[in-house]
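Chemist: Here it is, the structure, as structure tokens.
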Amino acid sequence: ATTSAQFALVLDLGSFAISMLTLLALHDPHPREGRVPGTIWQDLRAGLRYVANRSWMTAIMLQGAAHLALVSGPVLILLPLLLGGRSAEMYGFVVAAEAAGAFAGAAVAAGWKPPRPGYVAMLCLFGQLPQVLGLAFGVPAIALVPMSFFAGAGLAAFGVLWISALQTSTPRETLGRVLSVDALANSSLTPVGLSLAGWLYVVAGPTLLASLAAFVLVVTILAVLPVPGVARFADPTPSPVDAVLPGGR
């Protein structure tokens with residue numbers, strides 16, 4: 001917003017260089033041998049089986065898939081199309097505000113240990129609702145700046161609480177498979193959501209598209225709250241040992 005897209009991309013390249021340099025300072029030990037190597041399909045089935053046996057994981061991953069496809073997808077379409085026509089510079093401030101909110105939300109969530117992290121994390125997702133409603137009702141571009149800040153804060157806080165829960169509740173030898181299933185769920189419907197959002201923008205207009213996104217946001221969050229284990233992001237009762245995974249427990 002204050003310089004140019006080219007200057008921003010140069011800064012982005014610099015950030016990649018810094019990120020790679022930080023890896024030189026890491027001294028992680030080599031992975032221990034001890035598990036029988038399996039094929040990628042065996043690992044995928046093992047991860048799916050582990051997640052399927054935990055309703056809270058399944059519910060949150062399905063909610064995430066719907067959220068990214070049918071809420072984040074429309075937002076990604078609407079923000080540049082609407083603000084690019086009214087105020088191209090303001091679009092930069094909106095994106096920057098969301099990034100600043102994400103930084104703040106992640107910083108707060110990193111040191112926060114609520115007794116029911118699942119409920120807190122799901123309620124944090126409501127932080128995106130003002131932004132989506134603002135797009136639906138065509139609020140002034142300047143109003144989208146604070147709305148986007150809260151959206152970024154809520155999404156980042158959810159991410160920290162969710163990934164922390166997966167890391168603390170999943171056995172170390174299974175964690176990689178579970179995180180892979182989560183990543184697959186998050187990305188599987190995103191192209192469909194973007195395609196659908198683009199089509200709806202053309203045939204129905206931005207108001208209906210944003211309104212549908214707001215509806216999906218609210219319904220998917222409320223739908224998972226009663227699922228056993230969601231409140232604490234943990235198994236409601238001790239789980240029986242799963243079928244033995246390759247090299248597992």
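Here's how to read the names in the structure tokens: chain A, B, ... by the order shown, residue numbers from 1 in each chain, ligand numbers from 1 in the order shown.
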Pick out the residues sitting within 9 Å of Gly138 (chain A), and hand them over as a PyMOL selection string; count only C-alpha atoms, and ignore anything fewer than 6 positions along from it in its own chain.

Modeler: chain A and resi 82+206-207

Chemist: Write out as a tab-separated table (two decimals) with N, CA, C and O atoms, in the first residue's frame which residues come within 9 Å of Thr174 (chain A) when counting only C-alpha atoms, dropping same-chain ones fewer than 2 positions away.

Modeler:
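Result file around.tsv:
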chain	number	residue	atom	x	y	z
A	46	ALA	N	-3.13	-45.97	8.04
A	46	ALA	CA	-2.93	-45.97	9.49
A	46	ALA	C	-3.35	-44.63	10.09
A	46	ALA	O	-3.99	-44.58	11.14
A	47	GLY	N	-2.99	-43.53	9.42
A	47	GLY	CA	-3.39	-42.22	9.93
A	47	GLY	C	-4.89	-42.03	9.88
A	47	GLY	O	-5.49	-41.51	10.83
A	50	TYR	N	-6.50	-44.02	12.67
A	50	TYR	CA	-6.31	-43.39	13.98
A	50	TYR	C	-7.27	-42.22	14.16
A	50	TYR	O	-7.90	-42.07	15.22
A	170	THR	N	-1.39	-37.11	20.73
A	170	THR	CA	-1.09	-38.17	19.77
A	170	THR	C	0.27	-38.77	20.07
A	170	THR	O	1.24	-38.02	20.26
A	171	PRO	N	0.38	-40.08	20.12
A	171	PRO	CA	1.69	-40.71	20.33
A	171	PRO	C	2.69	-40.24	19.28
A	171	PRO	O	2.35	-40.01	18.12
A	172	ARG	N	3.92	-40.12	19.71
A	172	ARG	CA	4.95	-39.56	18.85
A	172	ARG	C	5.07	-40.32	17.54
A	172	ARG	O	5.25	-39.72	16.47
A	176	GLY	N	3.08	-37.90	12.91
A	176	GLY	CA	3.30	-37.50	11.52
A	176	GLY	C	2.15	-37.89	10.62
A	176	GLY	O	1.74	-37.12	9.75
A	177	ARG	N	1.60	-39.08	10.85
A	177	ARG	CA	0.48	-39.54	10.03
A	177	ARG	C	-0.76	-38.69	10.30
A	177	ARG	O	-1.51	-38.35	9.37
A	178	VAL	N	-1.01	-38.38	11.57
A	178	VAL	CA	-2.19	-37.58	11.92
A	178	VAL	C	-2.09	-36.17	11.34
A	178	VAL	O	-3.06	-35.64	10.79
A	179	LEU	N	-0.91	-35.56	11.44
A	179	LEU	CA	-0.74	-34.22	10.86
A	179	LEU	C	-0.89	-34.26	9.34
A	179	LEU	O	-1.38	-33.30	8.74
A	245	LEU	N	0.19	-50.14	14.52
A	245	LEU	CA	0.66	-49.49	13.32
A	245	LEU	C	2.06	-50.02	12.98
A	245	LEU	O	2.75	-50.56	13.86
A	248	GLY	N	4.61	-49.18	15.45
A	248	GLY	CA	3.90	-48.41	16.47
A	248	GLY	C	4.05	-49.00	17.84
A	248	GLY	O	4.98	-49.74	18.14

Chemist: Find the nearest atom pair between each residue of region 115-185 of chain A and region 91-95 of chain A for residues within 8 Å, count only C-alpha atoms, give distances in Å to one decimal, sort rows by chain and ascending number, and present the table as a Markdown table.

Modeler:
| residue | atom | partner | partner_atom | distance |
| --- | --- | --- | --- | --- |
| A:Ala141 | CA | A:Tyr91 | CA | 7.9 |
| A:Leu144 | CA | A:Val94 | CA | 6.4 |
| A:Val145 | CA | A:Val94 | CA | 4.7 |
| A:Ser148 | CA | A:Val94 | CA | 6.2 |
| A:Phe149 | CA | A:Val94 | CA | 7.9 |

Chemist: Identify all residues of region 5-239 of chain A in alpha helix (DSSP H) (DSSP on the backbone) and supply them as a PyMOL selection string.

Modeler: chain A and resi 5-23+40-52+55-67+73-86+88-110+117-124+129-137+144-169+172-188+190-203+206-224

Chemist: Counting only C-alpha atoms, figure out which residue out of A:Leu166, A:Val71, A:Ala214, A:Ala109 gets nearest to Val181 (chain A).

Modeler: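 Nearest candidate to Val181 (chain A) out of A:Leu166, A:Val71, A:Ala214, A:Ala109: A:Leu166.
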
Chemist: Name the closest residue to Leu133 (chain A) among the candidates A:Pro114, A:Gly64, A:Pro74, A:Pro80; distances are taken between atoms, counting only C-alpha atoms.

Modeler: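 Smallest separation from Leu133 (chain A) among the options: A:Pro74.
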
Chemist: Which residue gives the smallest distance to His67 (chain A) among A:Ala107, A:Ala234, A:Val202, A:Leu129, with only C-alpha atoms counted?

Modeler: A:Leu129
